[in-house]
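*Asks:* Enclosed is the structure file structure14.cif (mmCIF, C-alpha atoms (C1' of nucleotides)).
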data_run
#
loop_
_atom_site.label_atom_id
_atom_site.label_comp_id
_atom_site.auth_asym_id
_atom_site.auth_seq_id
_atom_site.Cartn_x
_atom_site.Cartn_y
_atom_site.Cartn_z
CA MET A 1432 -18.67 -13.82 24.24
CA LYS A 1433 -20.41 -10.80 22.85
CA VAL A 1434 -18.08 -10.04 19.98
CA SER A 1435 -17.43 -12.92 17.62
CA LYS A 1436 -14.11 -13.70 16.01
CA ASP A 1437 -15.60 -13.03 12.59
CA GLU A 1438 -16.65 -9.54 13.62
CA ILE A 1439 -13.10 -8.77 14.62
CA ILE A 1440 -11.76 -10.17 11.36
CA LEU A 1441 -14.19 -8.09 9.35
CA ALA A 1442 -13.18 -4.95 11.22
CA ALA A 1443 -9.50 -5.82 10.83
CA ARG A 1444 -10.01 -6.19 7.11
CA GLU A 1445 -11.53 -2.75 6.85
CA LEU A 1446 -8.66 -1.36 8.87
CA PHE A 1447 -5.94 -3.04 6.82
CA ARG A 1448 -7.61 -1.98 3.62
CA GLU A 1449 -7.83 1.64 4.71
CA LYS A 1450 -4.52 2.06 6.50
CA GLY A 1451 -2.32 -0.85 5.56
CA TYR A 1452 -0.55 -3.15 7.99
CA ALA A 1453 1.70 -0.58 9.65
CA GLY A 1454 -1.02 2.06 9.82
CA ALA A 1455 -3.54 -0.22 11.46
CA SER A 1456 -3.42 -0.21 15.24
CA MET A 1457 -4.79 -2.72 17.68
CA GLN A 1458 -6.31 0.13 19.66
CA ASP A 1459 -8.24 1.30 16.60
CA LEU A 1460 -9.40 -2.26 15.97
CA ALA A 1461 -10.56 -2.61 19.57
CA ASP A 1462 -12.48 0.66 19.36
CA ARG A 1463 -14.24 -0.46 16.19
CA VAL A 1464 -15.53 -3.68 17.70
CA GLY A 1465 -16.23 -2.21 21.14
CA LEU A 1466 -13.64 -4.14 23.12
CA ARG A 1467 -10.63 -3.18 25.17
CA LYS A 1468 -7.39 -3.68 23.35
CA ALA A 1469 -6.19 -6.39 25.74
CA SER A 1470 -9.27 -8.46 24.96
CA LEU A 1471 -8.25 -8.85 21.33
CA TYR A 1472 -5.32 -10.94 22.51
CA MET A 1473 -7.70 -13.60 23.80
CA ARG A 1474 -8.56 -14.52 20.23
CA PHE A 1475 -5.41 -13.59 18.36
CA PRO A 1476 -1.87 -14.03 19.67
CA ASN A 1477 -0.68 -10.86 17.97
CA LYS A 1478 -1.33 -8.38 15.17
CA GLU A 1479 0.40 -10.48 12.54
CA ALA A 1480 -1.99 -13.38 13.14
CA LEU A 1481 -4.88 -11.24 11.94
CA VAL A 1482 -3.50 -11.21 8.41
CA PRO A 1483 -4.00 -14.88 7.47
CA GLU A 1484 -7.49 -14.82 8.95
CA VAL A 1485 -8.48 -11.68 7.07
CA LEU A 1486 -7.22 -13.08 3.79
CA GLU A 1487 -8.79 -16.52 4.25
CA MET A 1488 -12.16 -14.95 4.94
CA THR A 1489 -11.81 -12.74 1.88
CA LEU A 1490 -10.78 -15.63 -0.35
CA ASN A 1491 -13.67 -17.74 0.85
CA THR A 1492 -16.18 -15.00 0.25
CA THR A 1493 -14.84 -14.22 -3.20
CA PHE A 1494 -15.01 -17.82 -4.36
CA SER A 1495 -18.38 -18.60 -2.77
CA GLN A 1496 -20.29 -16.42 -5.19
CA PRO A 1497 -22.92 -18.20 -7.29
CA GLY A 1498 -21.77 -19.47 -10.66
CA ILE A 1499 -18.14 -20.03 -9.76
CA SER A 1500 -18.59 -23.76 -9.31
CA SER A 1501 -20.43 -24.05 -12.61
CA PRO A 1502 -19.25 -26.87 -14.87
CA ASP A 1503 -19.35 -24.41 -17.76
CA TRP A 1504 -15.98 -22.67 -17.72
CA LYS A 1505 -17.27 -19.46 -19.28
CA THR A 1506 -19.93 -19.10 -16.60
CA ALA A 1507 -17.41 -19.89 -13.88
CA TYR A 1508 -14.77 -17.47 -15.12
CA GLU A 1509 -17.23 -14.66 -15.57
CA ALA A 1510 -18.46 -15.21 -12.02
CA VAL A 1511 -14.91 -15.03 -10.64
CA ILE A 1512 -14.06 -11.85 -12.51
CA ARG A 1513 -17.30 -10.21 -11.48
CA SER A 1514 -16.90 -11.29 -7.87
CA ILE A 1515 -13.43 -9.77 -7.59
CA ALA A 1516 -14.40 -6.61 -9.48
CA ALA A 1517 -17.53 -6.09 -7.38
CA ALA A 1518 -15.58 -6.23 -4.13
CA LEU A 1519 -12.89 -3.86 -5.41
CA THR A 1520 -15.40 -1.43 -6.86
CA ASP A 1521 -17.29 -1.40 -3.61
CA ARG A 1522 -14.30 -0.82 -1.35
CA HIS A 1523 -12.04 1.11 -3.74
CA ARG A 1524 -8.97 -0.75 -2.53
CA CYS A 1525 -7.77 -4.34 -2.35
CA VAL A 1526 -6.76 -5.51 1.13
CA GLY A 1527 -4.48 -8.09 -0.37
CA PHE A 1528 -2.69 -5.56 -2.51
CA HIS A 1529 -2.30 -3.12 0.34
CA LEU A 1530 -0.80 -5.88 2.46
CA ALA A 1531 1.36 -7.13 -0.42
CA TYR A 1532 2.94 -3.70 -0.64
CA GLY A 1533 3.08 -3.01 3.08
CA ILE A 1534 4.29 -6.21 4.69
CA GLY A 1535 7.99 -6.77 5.18
CA ASP A 1536 10.35 -9.52 6.21
CA ASP A 1537 9.74 -8.83 9.88
CA THR A 1538 6.32 -10.48 9.62
CA PRO A 1539 7.01 -13.68 7.68
CA LEU A 1540 3.74 -15.42 8.51
CA ALA A 1541 1.78 -12.47 7.19
CA LYS A 1542 3.97 -12.31 4.11
CA GLN A 1543 3.35 -15.97 3.34
CA ALA A 1544 -0.37 -15.49 3.87
CA VAL A 1545 -0.43 -12.72 1.29
CA ARG A 1546 1.41 -14.89 -1.20
CA ASP A 1547 -0.97 -17.77 -0.58
CA PHE A 1548 -3.92 -15.44 -1.03
CA PHE A 1549 -2.90 -14.37 -4.51
CA ARG A 1550 -1.56 -17.79 -5.45
CA SER A 1551 -5.01 -19.18 -4.68
CA HIS A 1552 -6.65 -16.55 -6.85
CA LEU A 1553 -4.31 -17.27 -9.73
CA ASP A 1554 -4.59 -21.05 -9.37
CA ARG A 1555 -8.37 -21.06 -9.29
CA MET A 1556 -8.63 -18.73 -12.26
CA THR A 1557 -6.10 -20.79 -14.17
CA ASP A 1558 -7.92 -24.03 -13.39
CA ILE A 1559 -11.12 -22.68 -14.87
CA LEU A 1560 -9.47 -21.37 -18.02
CA ALA A 1561 -7.45 -24.56 -18.45
CA ARG A 1562 -10.68 -26.42 -19.20
CA ALA A 1563 -10.73 -24.72 -22.58
CA MET A 1564 -7.12 -23.95 -23.45
CA PRO A 1565 -3.55 -25.05 -22.80
CA ARG A 1566 -2.47 -24.55 -19.22
CA GLU A 1567 0.38 -22.22 -20.18
CA THR A 1568 -2.03 -19.88 -21.93
CA ALA A 1569 -4.44 -20.06 -19.03
CA THR A 1570 -1.72 -19.09 -16.55
CA ILE A 1571 -0.85 -15.99 -18.53
CA ILE A 1572 -4.42 -14.85 -19.03
CA ALA A 1573 -5.24 -15.32 -15.36
CA ALA A 1574 -2.18 -13.35 -14.26
CA ASP A 1575 -2.91 -10.47 -16.62
CA ASP A 1576 -6.62 -10.31 -15.86
CA LEU A 1577 -5.92 -10.18 -12.14
CA ALA A 1578 -3.22 -7.54 -12.58
CA ARG A 1579 -5.59 -5.42 -14.60
CA LEU A 1580 -8.33 -5.62 -11.97
CA GLU A 1581 -5.87 -4.69 -9.24
CA GLY A 1582 -4.42 -1.85 -11.28
CA ALA A 1583 -7.86 -0.40 -11.87
CA THR A 1584 -8.17 0.21 -8.12
CA LEU A 1585 -5.75 3.09 -8.68
CA HIS A 1586 -8.50 5.03 -10.43
CA LEU A 1587 -11.03 4.01 -7.80
CA ALA A 1588 -8.89 4.91 -4.81
CA LEU A 1589 -7.63 8.21 -6.18
CA PHE A 1590 -10.37 9.56 -8.38
CA ASP A 1591 -13.48 7.61 -7.45
CA ASP A 1592 -13.53 6.52 -11.07
CA PRO A 1593 -15.07 3.08 -11.69
CA THR A 1594 -14.83 3.16 -15.49
CA SER A 1595 -11.38 1.63 -15.66
CA MET A 1596 -12.58 -1.29 -13.54
CA LYS A 1597 -15.57 -1.75 -15.82
CA ARG A 1598 -13.32 -1.88 -18.84
CA ALA A 1599 -11.03 -4.32 -17.04
CA VAL A 1600 -14.02 -6.62 -16.58
CA ASP A 1601 -15.10 -6.24 -20.19
CA LEU A 1602 -11.60 -6.92 -21.45
CA ALA A 1603 -11.32 -10.02 -19.28
CA LEU A 1604 -14.70 -11.36 -20.40
CA GLY A 1605 -14.63 -10.32 -24.06
CA PRO A 1606 -12.31 -13.09 -25.23
CA VAL A 1607 -14.14 -15.58 -23.02
CA ARG A 1608 -17.49 -14.83 -24.59
CA SER A 1609 -16.25 -14.97 -28.15
CA HIS A 1610 -14.30 -18.15 -27.49
CA MET B 302 25.81 21.04 4.52
CA LYS B 303 27.10 17.54 3.99
CA VAL B 304 23.84 15.83 3.12
CA SER B 305 21.89 17.39 0.26
CA LYS B 306 18.15 17.73 0.13
CA ASP B 307 18.03 15.45 -2.88
CA GLU B 308 19.82 12.70 -1.00
CA ILE B 309 17.18 12.85 1.70
CA ILE B 310 14.38 12.79 -0.87
CA LEU B 311 15.90 9.77 -2.59
CA ALA B 312 16.16 7.94 0.70
CA ALA B 313 12.63 8.94 1.65
CA ARG B 314 11.38 7.56 -1.65
CA GLU B 315 13.01 4.21 -0.98
CA LEU B 316 11.50 4.20 2.48
CA PHE B 317 7.99 5.09 1.33
CA ARG B 318 8.17 2.51 -1.43
CA GLU B 319 9.25 -0.24 0.93
CA LYS B 320 7.14 0.56 3.98
CA GLY B 321 4.44 2.98 2.92
CA TYR B 322 3.69 6.30 4.59
CA ALA B 323 2.72 5.00 8.02
CA GLY B 324 5.50 2.43 8.11
CA ALA B 325 8.23 4.90 7.25
CA SER B 326 9.78 6.60 10.28
CA MET B 327 11.80 9.78 10.43
CA GLN B 328 14.36 7.95 12.58
CA ASP B 329 14.83 5.33 9.87
CA LEU B 330 15.20 8.07 7.28
CA ALA B 331 17.78 9.87 9.42
CA ASP B 332 19.76 6.65 9.85
CA ARG B 333 19.81 6.04 6.11
CA VAL B 334 21.26 9.42 5.28
CA GLY B 335 23.58 9.60 8.30
CA LEU B 336 21.94 12.47 10.15
CA ARG B 337 20.27 12.87 13.48
CA LYS B 338 16.51 12.85 13.29
CA ALA B 339 16.20 16.46 14.46
CA SER B 340 18.37 17.61 11.58
CA LEU B 341 15.82 16.45 9.04
CA TYR B 342 13.50 19.16 10.32
CA MET B 343 15.89 21.83 9.07
CA ARG B 344 14.99 20.96 5.51
CA PHE B 345 11.45 19.63 5.86
CA PRO B 346 8.83 21.02 8.24
CA ASN B 347 7.36 17.57 8.85
CA LYS B 348 6.98 14.05 7.49
CA GLU B 349 4.05 14.93 5.27
CA ALA B 350 6.12 17.51 3.40
CA LEU B 351 8.39 14.76 2.13
CA VAL B 352 5.61 13.30 0.00
CA PRO B 353 5.24 16.10 -2.59
CA GLU B 354 9.01 16.32 -2.94
CA VAL B 355 9.39 12.59 -3.45
CA LEU B 356 6.67 12.50 -6.06
CA GLU B 357 7.88 15.58 -7.93
CA MET B 358 11.35 14.13 -8.19
CA THR B 359 9.94 10.84 -9.42
CA LEU B 360 7.71 12.52 -11.99
CA ASN B 361 10.59 14.62 -13.28
CA THR B 362 12.86 11.63 -13.64
CA THR B 363 10.21 9.56 -15.39
CA PHE B 364 9.45 12.22 -17.96
CA SER B 365 13.07 13.24 -18.55
CA GLN B 366 13.93 10.02 -20.33
CA PRO B 367 15.13 10.39 -23.91
CA GLY B 368 12.49 10.14 -26.59
CA ILE B 369 9.60 11.43 -24.53
CA SER B 370 9.79 14.89 -26.04
CA SER B 371 9.92 13.49 -29.56
CA PRO B 372 7.54 15.11 -32.03
CA ASP B 373 6.62 11.63 -33.24
CA TRP B 374 3.84 10.49 -30.94
CA LYS B 375 4.66 6.79 -31.31
CA THR B 376 8.24 7.38 -30.22
CA ALA B 377 7.13 9.56 -27.35
CA TYR B 378 4.49 7.15 -26.07
CA GLU B 379 6.80 4.17 -26.27
CA ALA B 380 9.40 6.12 -24.29
CA VAL B 381 6.87 6.97 -21.57
CA ILE B 382 5.65 3.41 -21.21
CA ARG B 383 9.17 2.03 -21.13
CA SER B 384 10.29 4.65 -18.63
CA ILE B 385 7.50 3.80 -16.20
CA ALA B 386 7.89 0.07 -16.70
CA ALA B 387 11.65 0.18 -16.22
CA ALA B 388 11.35 1.96 -12.88
CA LEU B 389 8.65 -0.40 -11.64
CA THR B 390 10.50 -3.50 -12.80
CA ASP B 391 13.64 -2.29 -11.09
CA ARG B 392 12.05 -1.46 -7.75
CA HIS B 393 9.19 -3.99 -7.76
CA ARG B 394 6.79 -1.45 -6.27
CA CYS B 395 5.41 1.94 -7.21
CA VAL B 396 5.93 4.64 -4.56
CA GLY B 397 2.95 6.52 -5.87
CA PHE B 398 0.66 3.52 -5.63
CA HIS B 399 1.86 2.67 -2.14
CA LEU B 400 1.17 6.23 -1.06
CA ALA B 401 -2.17 6.29 -2.90
CA TYR B 402 -3.29 3.33 -0.83
CA GLY B 403 -1.70 4.37 2.42
CA ILE B 404 -2.42 8.07 2.78
CA GLY B 405 -5.55 9.21 4.56
CA ASP B 406 -7.50 12.37 5.17
CA ASP B 407 -5.25 13.34 8.07
CA THR B 408 -2.51 14.30 5.62
CA PRO B 409 -4.34 16.36 2.99
CA LEU B 410 -1.24 17.90 1.42
CA ALA B 411 0.24 14.49 0.83
CA LYS B 412 -3.06 13.21 -0.53
CA GLN B 413 -3.25 16.05 -3.02
CA ALA B 414 0.34 15.45 -4.06
CA VAL B 415 -0.45 11.82 -4.85
CA ARG B 416 -3.43 12.84 -6.94
CA ASP B 417 -1.35 15.41 -8.79
CA PHE B 418 1.32 12.82 -9.41
CA PHE B 419 -0.99 10.42 -11.19
CA ARG B 420 -2.99 13.19 -12.85
CA SER B 421 0.26 14.39 -14.39
CA HIS B 422 1.05 10.91 -15.64
CA LEU B 423 -2.39 10.53 -17.16
CA ASP B 424 -2.40 14.01 -18.68
CA ARG B 425 0.99 13.63 -20.30
CA MET B 426 0.16 10.22 -21.69
CA THR B 427 -3.17 11.48 -22.98
CA ASP B 428 -1.55 14.51 -24.61
CA ILE B 429 0.77 12.29 -26.58
CA LEU B 430 -1.94 9.92 -27.72
CA ALA B 431 -4.28 12.79 -28.60
CA ARG B 432 -1.94 13.74 -31.42
CA ALA B 433 -3.21 10.71 -33.31
CA MET B 434 -6.72 10.04 -32.03
CA PRO B 435 -9.74 11.71 -30.45
CA ARG B 436 -9.04 12.98 -26.96
CA GLU B 437 -11.75 10.79 -25.41
CA THR B 438 -10.13 7.68 -26.80
CA ALA B 439 -6.71 8.85 -25.69
CA THR B 440 -7.92 9.39 -22.12
CA ILE B 441 -9.24 5.86 -21.90
CA ILE B 442 -6.17 4.23 -23.37
CA ALA B 443 -3.85 6.19 -21.08
CA ALA B 444 -5.87 5.25 -18.00
CA ASP B 445 -5.94 1.58 -18.89
CA ASP B 446 -2.29 1.36 -19.86
CA LEU B 447 -1.25 2.98 -16.59
CA ALA B 448 -3.56 0.74 -14.57
CA ARG B 449 -2.09 -2.31 -16.24
CA LEU B 450 1.48 -1.25 -15.50
CA GLU B 451 0.61 -0.59 -11.87
CA GLY B 452 -1.25 -3.87 -11.56
CA ALA B 453 1.71 -5.79 -12.90
CA THR B 454 3.70 -4.71 -9.84
CA LEU B 455 1.63 -7.26 -7.93
CA HIS B 456 3.51 -10.07 -9.65
CA LEU B 457 6.80 -8.27 -9.18
CA ALA B 458 6.33 -7.49 -5.49
CA LEU B 459 4.98 -10.90 -4.52
CA PHE B 460 6.59 -13.40 -6.86
CA ASP B 461 9.54 -11.57 -8.40
CA ASP B 462 7.86 -12.22 -11.71
CA PRO B 463 8.57 -9.61 -14.40
CA THR B 464 6.69 -11.36 -17.21
CA SER B 465 3.37 -9.70 -16.49
CA MET B 466 5.05 -6.29 -16.68
CA LYS B 467 6.65 -7.23 -19.99
CA ARG B 468 3.28 -8.21 -21.39
CA ALA B 469 1.78 -4.97 -20.07
CA VAL B 470 4.39 -3.06 -22.05
CA ASP B 471 3.79 -5.12 -25.18
CA LEU B 472 0.05 -4.69 -24.90
CA ALA B 473 0.41 -0.95 -24.48
CA LEU B 474 2.78 -0.63 -27.42
CA GLY B 475 1.20 -3.18 -29.76
CA PRO B 476 -1.68 -0.98 -30.91
CA VAL B 477 0.64 2.03 -31.09
CA ARG B 478 3.01 0.29 -33.47
CA SER B 479 0.30 -1.01 -35.76
CA HIS B 480 -1.47 2.30 -35.80
"C1'" DC C 1235 -13.28 -9.59 29.28
"C1'" DC C 1236 -11.35 -5.89 32.22
"C1'" DT C 1237 -7.82 -2.38 34.59
"C1'" DA C 1238 -3.43 -1.20 34.74
"C1'" DC C 1239 0.75 -1.25 33.16
"C1'" DC C 1240 5.42 -2.31 30.40
"C1'" DG C 1241 9.41 -0.73 27.34
"C1'" DA C 1242 9.93 0.97 22.76
"C1'" DT C 1243 9.14 4.04 19.35
"C1'" DC C 1244 6.50 7.66 17.12
"C1'" DG C 1245 6.62 12.78 15.11
"C1'" DG C 1246 8.26 16.86 16.55
"C1'" DT C 1247 10.59 20.77 19.45
"C1'" DA C 1248 13.84 23.57 22.63
"C1'" DG C 1249 17.94 25.41 22.81
"C1'" DG C 1250 22.35 25.88 21.58
"C1'" DC D 1056 23.73 20.09 12.67
"C1'" DC D 1057 23.73 18.36 17.45
"C1'" DT D 1058 22.01 16.69 22.45
"C1'" DA D 1059 18.29 16.20 25.00
"C1'" DC D 1060 13.85 16.00 25.60
"C1'" DC D 1061 8.36 16.22 25.03
"C1'" DG D 1062 3.64 13.88 25.11
"C1'" DA D 1063 1.33 10.39 22.53
"C1'" DT D 1064 0.89 6.05 20.90
"C1'" DC D 1065 2.67 1.56 19.62
"C1'" DG D 1066 2.22 -3.89 20.38
"C1'" DG D 1067 1.83 -6.67 24.03
"C1'" DT D 1068 1.47 -8.61 29.06
"C1'" DA D 1069 0.30 -9.32 34.20
"C1'" DG D 1070 -3.07 -10.43 36.98
"C1'" DG D 1071 -7.49 -10.88 38.14
#
When written as structure tokens, how does the structure in this file appear?
*Replies:*
Amino acid sequence: MKVSKDEIILAARELFREKGYAGASMQDLADRVGLRKASLYMRFPNKEALVPEVLEMTLNTTFSQPGISSPDWKTAYEAVIRSIAAALTDRHRCVGFHLAYGIGDDTPLAKQAVRDFFRSHLDRMTDILARAMPRETATIIAADDLARLEGATLHLALFDDPTSMKRAVDLALGPVRSH
Amino acid sequence: MKVSKDEIILAARELFREKGYAGASMQDLADRVGLRKASLYMRFPNKEALVPEVLEMTLNTTFSQPGISSPDWKTAYEAVIRSIAAALTDRHRCVGFHLAYGIGDDTPLAKQAVRDFFRSHLDRMTDILARAMPRETATIIAADDLARLEGATLHLALFDDPTSMKRAVDLALGPVRSH
DNA sequence: CCTACCGATCGGTAGG
DNA sequence: CCTACCGATCGGTAGG
């Protein structure tokens, strides 16, 4: 077993991020990891099954950054925002968002995985904020902060412009700091 | 000539919005407008050529809404924001954003069209705001307001939740009103 | 993990 | 605006 499952998932993530679900081909994925296409089907039953794996890995990485498990909610929230923003700034696109837009009803398992991915983000962000404010308020702030970070990828993807993402981070953390 | 060019462009827009560039097929487009696939090539040289047309039509519609040409900048800006938000809320996705994410270097004309599309949005928004504030400030506010509107489509596309978009509108218009 | 292959569909064209 | 077709590529499988 020369190529690990994680290597394939990492390559699949790159591919989905760049080309979306429909634009990503199993042949391209095989080429990137140095396998024959048929060999991919030893580890994954089909293309759709890559989606949950890609998103789980991404979620785990995002929420494994230092500081996120801090008991201090301000520290934890800042770490989450910075972790998400760093990944998006680095890659210019969000895999999850690309899949959210690109996946249809013909791939229901993938669709559910995308929903779970963002639900998890929103829930974890809300949980942190809810330590310091009513849960209803926390839900709204989490949703809007995440939307703003995602929206800022427009300027990254199209114009290579990271300033909107930086302001999105500042705007998310400003109220937290002065709380 | 039973099927007009505009009908095809409208159908292509729906298709690109739903499935992205790679996921949209000329056969599907032909089926939607009731033509044979080959007949599409009478009006468009290839698939890529649909993209500029789709985006030009969308831009024109967005900026033809009443109020946008008002000499009062507050009226004009509110009309722009509401026009964009209404389209996104209605369709749950932004064609331009889907294409921004999905189009690669193999379709350079389409890529440029997407850039022009958003550049036009940003320029027109900035021009309106610059009537009342320094141009540098206007540029930043326009970029962030647009990013927020686009980001809010995440909640629309995934969870059918329009509240984030409503707040994006309120947040864009709040400072304008109290100016 | 490979070679070899399947039917289906892709964007696009020939020719009328 | 159509029928008929092109080569290329798609996701996936058989069989070893």
*Asks:* Enclose all atoms of chain D listed in the file in an axis-aligned box, grow every side by 8 Å, and hand back centre and edge lengths in Å to one decimal, as lines of an AutoDock Vina configuration file.
*Replies:*
center_x = 8.1
center_y = 4.6
center_z = 25.4
size_x = 47.2
size_y = 47.0
size_z = 41.5
*Asks:* Select all residues near (4.0, 7.0, 9.1) (cut-off 8 Å, inclusive, file coordinates), counting only C-alpha atoms (C1' of nucleotides), and output them as a list in words.
*Replies:* Ala1453 and Gly1454 of chain A; Gly321, Tyr322, Ala323, Gly324, Ala325, Ser326 and Lys348 of chain B
*Asks:* Residues of chain A no more than 6 Å from chain B, counting only C-alpha atoms: send them over as a list in words.
*Replies:*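 The contacting residues on chain A are Lys1450, Ala1453, Gly1454, Gly1533, Ala1578, Arg1579, Glu1581, Gly1582 and Ala1583 of chain A.
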*Asks:* Please write as number ranges by chain the full residue list that the PyMOL selection byres ((chain A) within 9 of (chain C)) yields on this file.
*Replies:* A: 1432, 1466-1467, 1469-1470, 1473
*Asks:* Enter the distance from CA of Ile1515 (chain A) to CA of Ile1499 (chain A), in Å, rounded to one decimal.
*Replies:* 11.5 Å
*Asks:* I'd like to see the residues matched by the PyMOL selection byres ((chain A and resi 1607) around 9) on this file, and ideally I'd get them as a PyMOL selection string.
*Replies:* chain A and resi 1505+1508-1509+1560+1603-1606+1608-1610
*Asks:* Just to confirm, what's the straight-line distance from CA of Ser384 (chain B) to CA of Phe364 (chain B) in Å (one decimal)?
*Replies:*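 Here the two named atoms are 7.6 Å from each other.
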*Asks:* To one decimal place in Å, what is the distance between CA of Pro1483 (chain A) and CA of Leu1441 (chain A)?
*Replies:*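 Atom-to-atom, CA of Pro1483 (chain A) and CA of Leu1441 (chain A) are spaced 12.4 Å apart.
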*Asks:* Evaluate the PyMOL selection byres ((chain A and resi 1490) around 10) on the structure here and hand back the selected residues as an mmCIF file with C-alpha atoms, in the coordinates of the input.
*Replies:*
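That gives us expr-v3.cif:
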data_model
loop_
_atom_site.group_PDB
_atom_site.id
_atom_site.type_symbol
_atom_site.label_atom_id
_atom_site.label_comp_id
_atom_site.auth_asym_id
_atom_site.auth_seq_id
_atom_site.Cartn_x
_atom_site.Cartn_y
_atom_site.Cartn_z
ATOM 1 C CA GLU A 1484 -7.490 -14.820 8.950
ATOM 2 C CA VAL A 1485 -8.480 -11.680 7.070
ATOM 3 C CA LEU A 1486 -7.220 -13.080 3.790
ATOM 4 C CA GLU A 1487 -8.790 -16.520 4.250
ATOM 5 C CA MET A 1488 -12.160 -14.950 4.940
ATOM 6 C CA THR A 1489 -11.810 -12.740 1.880
ATOM 7 C CA ASN A 1491 -13.670 -17.740 0.850
ATOM 8 C CA THR A 1492 -16.180 -15.000 0.250
ATOM 9 C CA THR A 1493 -14.840 -14.220 -3.200
ATOM 10 C CA PHE A 1494 -15.010 -17.820 -4.360
ATOM 11 C CA SER A 1495 -18.380 -18.600 -2.770
ATOM 12 C CA ILE A 1515 -13.430 -9.770 -7.590
ATOM 13 C CA GLY A 1527 -4.480 -8.090 -0.370
ATOM 14 C CA PHE A 1548 -3.920 -15.440 -1.030
ATOM 15 C CA PHE A 1549 -2.900 -14.370 -4.510
ATOM 16 C CA SER A 1551 -5.010 -19.180 -4.680
ATOM 17 C CA HIS A 1552 -6.650 -16.550 -6.850
#
